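This report concerns only the one structure given below.
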Amino acid sequence: MDIRSIPLFEAITRRMSWLTDRQTVLAENVANANTPGYNEKDLKEPDFKGLLGGTSTAVHLVATQPGHITTPPGGTIAGTVDTTEDRTLNGNGVSIEAQMMKVSENAADYALTTTLYKQNMALFKTVLGNGG
Amino acid sequence: MELDKSFAVAFAGMSAQSERLKVIAENLANADSTAQSPDADPYKRQVVNFEDVLDKQLGVDTVKVSGITTIQTGFGRRYEPGHPAADASGYVKTPNVNSITELMDMREAQRSYEANLNVIDAAKSMLSRALDVLHG
């Protein structure tokens with residue numbers, strides 16, 4: 001049995017990959033904090049509630065022919081949104097303070113998610129009898 | 001490995017900022033470099049230009065120094081008749097470097113560099129958390 005087919009684990013895995021993607025987007029913002037005309041971006045928050053209820057709202061591609069492309073595992077690719085609020089004189093819209101806050105929030109969320117994963121894994125191991 | 005992208009972007013940001021810091025250091029070091037003859041120009045202030053570039057291999061927006069612009073105007077004048085670069089009326093052209101502006105620029109470069117370092121720290125802690133899952 002694939003562990004990802006359990007809704008909770010699927011949600012956790014997806015959350016982890018979303019947080020990783022968000023970290024990349026935030027890194028792009030910080031690296032371009034002095035690039036003229038650059039707008040800060042953020043990843044759209046995906047719908048995790050649907051996943052936990054067992055009814056995934058994600059749209060998947062159906063492969064009916066051998067050469068068809070399928071949706072990558074890990075699910076929907078969330079788009080980015082422009083979060084620019086204020087601009088400097090050279091037209092740059094990145095607020096380093098806001099980015100730093102988001103980066104630390106992101107790392108904390110990731111820590112929380114991996115802890116959840118470990119805890120749930122421990123439950124499974126207890127049931128299987130080698131949880132130690 | 002997805003977190004590699006964060007590292008790559010942050011490293012690109014750091015090297016762009018250190019390039020900028022190098023140019024600022026050149027400006028500050030040459031703040032008093034005048035020309036050798038009356039018809040030549042003294043040291044000209046340089047500024048870096050940043051540009052966001054798409055890293056095609058990783059598919060992320062990194063940053064690079066797209067070029068260094070030399071500012072051609074705004075020289076100062078100082079009265080010093082004995083100087084080799086003094087003109088007929090005894091004035092020497094001085095560089096268009098303003099140390100206060102350069103110091104402000106330096107602070108900004110430093111702050112951006114630190115921000116990139118913070119991103120690397122955060123990505124590193126995420127990575128070690130992910131590896132921690134293995135220990136169950």
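Following the order of the structure tokens, chains are lettered A, B, ..., residues in each are numbered from 1, and ligands are numbered from 1.
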Tell me, counting only C-alpha atoms, for each residue of chain A within 6 Å of chain B, which pair of atoms is nearest and how far apart they are in Å to one decimal, in rows ordered by chain and increasing number, as a tab-separated table.
residue	atom	partner	partner_atom	distance
A:Thr24	CA	B:Ser6	CA	4.4
A:Ala27	CA	B:Ser6	CA	5.5
A:Glu28	CA	B:Asp61	CA	5.8
A:Ala31	CA	B:Gly13	CA	4.1
A:Asn32	CA	B:Val63	CA	5.9
A:Thr35	CA	B:Phe50	CA	4.9
A:Ala107	CA	B:Ala122	CA	5.7
A:Lys118	CA	B:Gly136	CA	5.6
Can I get the selected residues back with C-alpha atoms, as a CSV table (one decimal), in the first residue's frame?
chain,number,residue,atom,x,y,z
A,24,THR,CA,12.0,29.0,-3.4
A,27,ALA,CA,14.4,33.1,-2.0
A,28,GLU,CA,13.7,34.7,-5.4
A,31,ALA,CA,17.7,37.7,-4.1
A,32,ASN,CA,16.0,40.3,-6.2
A,35,THR,CA,16.5,44.6,-8.8
A,107,ALA,CA,10.5,27.1,8.2
A,118,LYS,CA,6.8,11.6,12.5
field: helix (DSSP H, G or I) per DSSP on the backbone: members of chain B, as an MDAnalysis selection string
entry: chainID B and resid 3:29 99:135
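Near Leu103 (chain B), within a cut-off of 10 Å and counting only C-alpha atoms, sit the residues Ile24, Ala25, Leu28, Asn98, Ser99, Arg107, Glu108 and Ala109 of chain B, with same-chain residues fewer than 4 positions away left out.
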task: For Ala29 (chain B), work out the shell of residues within 12 Å, counting only C-alpha atoms and skipping chain neighbours fewer than 5 positions away, then give it as a ChimeraX atom specification.
output: /B:22-24,43-45,95,97-99,102
Store the residues of this selection in a file with all heavy atoms, as a CSV table (one decimal), in the first residue's frame.
chain,number,residue,atom,x,y,z
B,22,LYS,N,32.0,45.2,-3.9
B,22,LYS,CA,33.4,45.4,-4.5
B,22,LYS,C,33.4,46.7,-5.3
B,22,LYS,O,34.4,47.5,-5.1
B,22,LYS,CB,33.6,44.2,-5.5
B,22,LYS,CG,35.1,44.1,-6.0
B,22,LYS,CD,35.2,43.2,-7.2
B,22,LYS,CE,34.9,43.9,-8.4
B,22,LYS,NZ,34.8,43.0,-9.6
B,23,VAL,N,32.4,47.0,-6.0
B,23,VAL,CA,32.3,48.3,-6.8
B,23,VAL,C,32.3,49.5,-5.8
B,23,VAL,O,32.9,50.5,-6.0
B,23,VAL,CB,31.1,48.3,-7.7
B,23,VAL,CG1,30.9,49.7,-8.3
B,23,VAL,CG2,31.3,47.3,-8.8
B,24,ILE,N,31.5,49.3,-4.7
B,24,ILE,CA,31.4,50.4,-3.7
B,24,ILE,C,32.8,50.7,-3.1
B,24,ILE,O,33.3,51.8,-2.9
B,24,ILE,CB,30.4,50.1,-2.6
B,24,ILE,CG1,29.0,50.0,-3.2
B,24,ILE,CG2,30.5,51.1,-1.5
B,24,ILE,CD1,28.0,49.4,-2.3
B,43,TYR,N,38.7,60.1,-11.4
B,43,TYR,CA,38.0,58.8,-11.3
B,43,TYR,C,36.5,59.1,-11.4
B,43,TYR,O,36.0,60.0,-10.8
B,43,TYR,CB,38.4,58.2,-9.9
B,43,TYR,CG,37.6,56.9,-9.6
B,43,TYR,CD1,38.0,55.7,-10.2
B,43,TYR,CD2,36.4,56.9,-8.9
B,43,TYR,CE1,37.3,54.5,-9.9
B,43,TYR,CE2,35.7,55.8,-8.6
B,43,TYR,CZ,36.2,54.6,-9.2
B,43,TYR,OH,35.5,53.5,-8.9
B,44,LYS,N,35.8,58.2,-12.1
B,44,LYS,CA,34.4,58.3,-12.3
B,44,LYS,C,33.7,57.2,-11.4
B,44,LYS,O,34.1,56.1,-11.4
B,44,LYS,CB,34.0,58.1,-13.7
B,44,LYS,CG,34.6,59.1,-14.6
B,44,LYS,CD,34.0,58.9,-16.0
B,44,LYS,CE,34.8,59.7,-17.1
B,44,LYS,NZ,36.1,58.9,-17.5
B,45,ARG,N,32.7,57.7,-10.7
B,45,ARG,CA,31.9,56.8,-9.9
B,45,ARG,C,31.2,55.7,-10.7
B,45,ARG,O,30.7,55.9,-11.8
B,45,ARG,CB,30.8,57.6,-9.1
B,45,ARG,CG,29.9,56.8,-8.3
B,45,ARG,CD,28.9,57.6,-7.6
B,45,ARG,NE,28.1,56.7,-6.8
B,45,ARG,CZ,26.8,56.7,-6.8
B,45,ARG,NH1,26.1,57.5,-7.6
B,45,ARG,NH2,26.1,55.8,-6.1
B,95,PRO,N,36.8,63.7,-8.2
B,95,PRO,CA,35.9,62.6,-8.6
B,95,PRO,C,34.4,62.9,-8.1
B,95,PRO,O,34.2,63.6,-7.2
B,95,PRO,CB,36.4,61.4,-7.9
B,95,PRO,CG,37.8,61.7,-7.7
B,95,PRO,CD,37.9,63.1,-7.4
B,97,VAL,N,32.5,61.1,-6.5
B,97,VAL,CA,32.1,60.1,-5.5
B,97,VAL,C,31.7,60.8,-4.2
B,97,VAL,O,32.5,61.7,-3.8
B,97,VAL,CB,33.4,59.2,-5.2
B,97,VAL,CG1,33.0,58.2,-4.0
B,97,VAL,CG2,33.8,58.4,-6.4
B,98,ASN,N,30.6,60.5,-3.7
B,98,ASN,CA,30.1,61.1,-2.4
B,98,ASN,C,30.1,60.0,-1.4
B,98,ASN,O,29.4,59.0,-1.5
B,98,ASN,CB,28.7,61.6,-2.6
B,98,ASN,CG,28.1,62.3,-1.4
B,98,ASN,OD1,28.7,62.1,-0.3
B,98,ASN,ND2,27.1,63.0,-1.6
B,99,SER,N,31.0,60.1,-0.4
B,99,SER,CA,31.2,59.0,0.6
B,99,SER,C,29.9,58.7,1.3
B,99,SER,O,29.7,57.5,1.6
B,99,SER,CB,32.3,59.3,1.5
B,99,SER,OG,32.8,60.5,1.4
B,102,GLU,N,27.9,56.5,-0.9
B,102,GLU,CA,28.5,55.1,-1.0
B,102,GLU,C,28.3,54.3,0.3
B,102,GLU,O,28.0,53.1,0.2
B,102,GLU,CB,30.0,55.3,-1.2
B,102,GLU,CG,30.4,55.9,-2.5
B,102,GLU,CD,29.8,55.3,-3.8
B,102,GLU,OE1,29.8,54.0,-3.8
B,102,GLU,OE2,29.4,56.0,-4.7
- request: Apply DSSP to the backbone of this structure and, from chain B, keep only the residues in strand (DSSP E); write these as a VMD selection string.
  value: chain B and resid 46 to 55 60 to 70 76 to 79 91 to 94
Could you pull the residues within 12 Å of Met121 (chain A), counting only C-alpha atoms, minus those fewer than 6 positions along the same chain, as an mmCIF file with C-alpha atoms, in the first residue's frame?
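See around.cif below for the written result:
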data_model
loop_
_atom_site.group_PDB
_atom_site.id
_atom_site.type_symbol
_atom_site.label_atom_id
_atom_site.label_comp_id
_atom_site.auth_asym_id
_atom_site.auth_seq_id
_atom_site.Cartn_x
_atom_site.Cartn_y
_atom_site.Cartn_z
ATOM 1 C CA ILE A 3 1.492 5.536 2.201
ATOM 2 C CA ILE A 6 -3.837 7.690 3.180
ATOM 3 C CA LEU A 8 -3.559 12.489 6.105
ATOM 4 C CA PHE A 9 -0.185 11.462 4.730
ATOM 5 C CA ILE A 12 1.272 16.197 4.837
ATOM 6 C CA THR A 114 7.510 17.026 9.635
ATOM 7 C CA THR A 115 6.727 16.597 13.343
ATOM 8 C CA VAL A 127 0.196 -0.651 15.894
ATOM 9 C CA LEU A 128 2.678 -2.796 14.013
ATOM 10 C CA ASN A 130 7.903 -2.249 16.698
ATOM 11 C CA GLY A 131 7.364 1.341 17.716
ATOM 12 C CA VAL B 133 11.902 12.209 9.451
ATOM 13 C CA LEU B 134 14.138 9.249 8.636
ATOM 14 C CA HIS B 135 15.036 8.848 12.296
ATOM 15 C CA GLY B 136 11.347 8.372 13.084
#
message: Which residues are close to region 87-91 of chain A, i.e. within 9 Å by only C-alpha atoms, leaving aside same-chain residues fewer than 2 positions away? Reply as a list in words.
response: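 Using only C-alpha atoms, the neighbours found are Asn34, Thr35, Pro36, Gly37, Tyr38, Asn39, Thr84, Glu85, Gly93, Val94 and Ser95 of chain A.
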Those same residues, written as a PDB file, in the first residue's frame with all heavy atoms?
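Result written to result.pdb:
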ATOM      1  N   ASN A  34      16.999  44.121  -4.724  1.00  0.00           N
ATOM      2  CA  ASN A  34      17.533  45.387  -5.237  1.00  0.00           C
ATOM      3  C   ASN A  34      17.445  45.480  -6.755  1.00  0.00           C
ATOM      4  O   ASN A  34      18.079  46.328  -7.359  1.00  0.00           O
ATOM      5  CB  ASN A  34      18.983  45.573  -4.798  1.00  0.00           C
ATOM      6  CG  ASN A  34      19.124  45.589  -3.297  1.00  0.00           C
ATOM      7  OD1 ASN A  34      19.738  44.719  -2.719  1.00  0.00           O
ATOM      8  ND2 ASN A  34      18.506  46.555  -2.642  1.00  0.00           N
ATOM      9  N   THR A  35      16.666  44.574  -7.360  1.00  0.00           N
ATOM     10  CA  THR A  35      16.524  44.599  -8.816  1.00  0.00           C
ATOM     11  C   THR A  35      15.444  45.601  -9.208  1.00  0.00           C
ATOM     12  O   THR A  35      14.308  45.474  -8.762  1.00  0.00           O
ATOM     13  CB  THR A  35      16.141  43.200  -9.330  1.00  0.00           C
ATOM     14  OG1 THR A  35      17.056  42.261  -8.799  1.00  0.00           O
ATOM     15  CG2 THR A  35      16.157  43.146 -10.833  1.00  0.00           C
ATOM     16  N   PRO A  36      15.781  46.589 -10.041  1.00  0.00           N
ATOM     17  CA  PRO A  36      14.764  47.579 -10.418  1.00  0.00           C
ATOM     18  C   PRO A  36      13.575  46.934 -11.129  1.00  0.00           C
ATOM     19  O   PRO A  36      13.745  46.042 -11.958  1.00  0.00           O
ATOM     20  CB  PRO A  36      15.514  48.505 -11.377  1.00  0.00           C
ATOM     21  CG  PRO A  36      16.944  48.300 -11.082  1.00  0.00           C
ATOM     22  CD  PRO A  36      17.087  46.885 -10.640  1.00  0.00           C
ATOM     23  N   GLY A  37      12.393  47.371 -10.756  1.00  0.00           N
ATOM     24  CA  GLY A  37      11.182  46.913 -11.432  1.00  0.00           C
ATOM     25  C   GLY A  37      10.724  45.518 -11.056  1.00  0.00           C
ATOM     26  O   GLY A  37       9.839  44.960 -11.692  1.00  0.00           O
ATOM     27  N   TYR A  38      11.327  44.922 -10.007  1.00  0.00           N
ATOM     28  CA  TYR A  38      10.936  43.560  -9.622  1.00  0.00           C
ATOM     29  C   TYR A  38       9.791  43.607  -8.607  1.00  0.00           C
ATOM     30  O   TYR A  38       9.822  44.392  -7.670  1.00  0.00           O
ATOM     31  CB  TYR A  38      12.139  42.837  -9.018  1.00  0.00           C
ATOM     32  CG  TYR A  38      11.896  41.381  -8.720  1.00  0.00           C
ATOM     33  CD1 TYR A  38      12.121  40.421  -9.690  1.00  0.00           C
ATOM     34  CD2 TYR A  38      11.420  40.977  -7.474  1.00  0.00           C
ATOM     35  CE1 TYR A  38      11.887  39.082  -9.431  1.00  0.00           C
ATOM     36  CE2 TYR A  38      11.187  39.637  -7.213  1.00  0.00           C
ATOM     37  CZ  TYR A  38      11.427  38.700  -8.199  1.00  0.00           C
ATOM     38  OH  TYR A  38      11.188  37.378  -7.938  1.00  0.00           O
ATOM     39  N   ASN A  39       8.778  42.776  -8.812  1.00  0.00           N
ATOM     40  CA  ASN A  39       7.644  42.706  -7.881  1.00  0.00           C
ATOM     41  C   ASN A  39       7.777  41.484  -6.984  1.00  0.00           C
ATOM     42  O   ASN A  39       8.170  40.422  -7.457  1.00  0.00           O
ATOM     43  CB  ASN A  39       6.337  42.564  -8.653  1.00  0.00           C
ATOM     44  CG  ASN A  39       5.946  43.841  -9.335  1.00  0.00           C
ATOM     45  OD1 ASN A  39       6.536  44.894  -9.093  1.00  0.00           O
ATOM     46  ND2 ASN A  39       4.970  43.750 -10.200  1.00  0.00           N
ATOM     47  N   THR A  84       3.105  42.849  -3.943  1.00  0.00           N
ATOM     48  CA  THR A  84       3.763  44.155  -3.825  1.00  0.00           C
ATOM     49  C   THR A  84       2.845  45.181  -3.178  1.00  0.00           C
ATOM     50  O   THR A  84       1.695  45.320  -3.588  1.00  0.00           O
ATOM     51  CB  THR A  84       4.192  44.657  -5.212  1.00  0.00           C
ATOM     52  OG1 THR A  84       4.909  43.630  -5.855  1.00  0.00           O
ATOM     53  CG2 THR A  84       5.053  45.890  -5.103  1.00  0.00           C
ATOM     54  N   GLU A  85       3.366  45.848  -2.162  1.00  0.00           N
ATOM     55  CA  GLU A  85       2.560  46.878  -1.503  1.00  0.00           C
ATOM     56  C   GLU A  85       3.150  48.265  -1.703  1.00  0.00           C
ATOM     57  O   GLU A  85       2.444  49.236  -1.863  1.00  0.00           O
ATOM     58  CB  GLU A  85       2.460  46.579  -0.001  1.00  0.00           C
ATOM     59  CG  GLU A  85       1.404  45.519   0.286  1.00  0.00           C
ATOM     60  CD  GLU A  85       1.329  45.182   1.756  1.00  0.00           C
ATOM     61  OE1 GLU A  85       2.119  45.734   2.539  1.00  0.00           O
ATOM     62  OE2 GLU A  85       0.467  44.349   2.092  1.00  0.00           O
ATOM     63  N   GLY A  93       9.713  46.356  -5.664  1.00  0.00           N
ATOM     64  CA  GLY A  93       8.593  46.217  -4.738  1.00  0.00           C
ATOM     65  C   GLY A  93       8.807  45.184  -3.650  1.00  0.00           C
ATOM     66  O   GLY A  93       7.844  44.667  -3.102  1.00  0.00           O
ATOM     67  N   VAL A  94      10.061  44.843  -3.320  1.00  0.00           N
ATOM     68  CA  VAL A  94      10.311  43.812  -2.314  1.00  0.00           C
ATOM     69  C   VAL A  94      10.552  44.447  -0.949  1.00  0.00           C
ATOM     70  O   VAL A  94      11.396  45.329  -0.814  1.00  0.00           O
ATOM     71  CB  VAL A  94      11.531  42.937  -2.693  1.00  0.00           C
ATOM     72  CG1 VAL A  94      11.765  41.862  -1.649  1.00  0.00           C
ATOM     73  CG2 VAL A  94      11.336  42.315  -4.052  1.00  0.00           C
ATOM     74  N   SER A  95       9.790  43.985   0.051  1.00  0.00           N
ATOM     75  CA  SER A  95      10.023  44.425   1.421  1.00  0.00           C
ATOM     76  C   SER A  95      10.790  43.313   2.132  1.00  0.00           C
ATOM     77  O   SER A  95      10.258  42.227   2.347  1.00  0.00           O
ATOM     78  CB  SER A  95       8.690  44.692   2.108  1.00  0.00           C
ATOM     79  OG  SER A  95       8.797  44.461   3.481  1.00  0.00           O
TER      80      SER A  95
END
Could you pull the residues within 12 Å of Gly79 (chain A), counting only C-alpha atoms, minus those fewer than 2 positions along the same chain, as a short mmCIF file (atom, residue, chain, number, x, y, z; two decimals) with N, CA and C atoms, in the first residue's frame?
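Saved result, selection_35.cif, follows:
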data_model
loop_
_atom_site.label_atom_id
_atom_site.label_comp_id
_atom_site.auth_asym_id
_atom_site.auth_seq_id
_atom_site.Cartn_x
_atom_site.Cartn_y
_atom_site.Cartn_z
N TRP A 18 4.59 21.99 -0.90
CA TRP A 18 4.14 23.38 -1.07
C TRP A 18 5.07 24.34 -0.32
N ASP A 21 8.29 24.76 -2.19
CA ASP A 21 8.11 25.66 -3.33
C ASP A 21 8.04 27.11 -2.88
N ARG A 22 7.36 27.31 -1.74
CA ARG A 22 7.22 28.67 -1.24
C ARG A 22 8.58 29.23 -0.84
N VAL A 25 10.23 30.56 -3.84
CA VAL A 25 9.66 31.85 -4.27
C VAL A 25 10.17 32.97 -3.37
N LYS A 41 6.61 38.24 -4.92
CA LYS A 41 5.59 37.23 -5.20
C LYS A 41 5.39 36.35 -3.98
N ASP A 42 4.29 35.64 -3.97
CA ASP A 42 4.06 34.63 -2.94
C ASP A 42 3.25 33.51 -3.59
N LEU A 43 3.38 32.30 -3.02
CA LEU A 43 2.60 31.18 -3.56
C LEU A 43 1.18 31.25 -3.05
N LYS A 44 0.25 30.86 -3.90
CA LYS A 44 -1.15 30.80 -3.47
C LYS A 44 -1.31 29.67 -2.47
N GLU A 45 -2.12 29.94 -1.44
CA GLU A 45 -2.40 28.91 -0.43
C GLU A 45 -3.33 27.87 -1.05
N PRO A 46 -2.90 26.61 -1.10
CA PRO A 46 -3.80 25.62 -1.68
C PRO A 46 -4.87 25.17 -0.68
N THR A 76 -1.46 19.49 -7.34
CA THR A 76 -1.68 20.71 -8.11
C THR A 76 -0.51 21.66 -7.95
N ILE A 77 -0.21 22.37 -8.99
CA ILE A 77 0.83 23.38 -8.93
C ILE A 77 0.15 24.71 -8.63
N VAL A 81 1.14 34.80 -6.62
CA VAL A 81 0.39 36.06 -6.62
C VAL A 81 1.35 37.21 -6.33
N ASP A 82 1.03 38.34 -6.89
CA ASP A 82 1.83 39.54 -6.68
C ASP A 82 1.44 40.15 -5.34
#
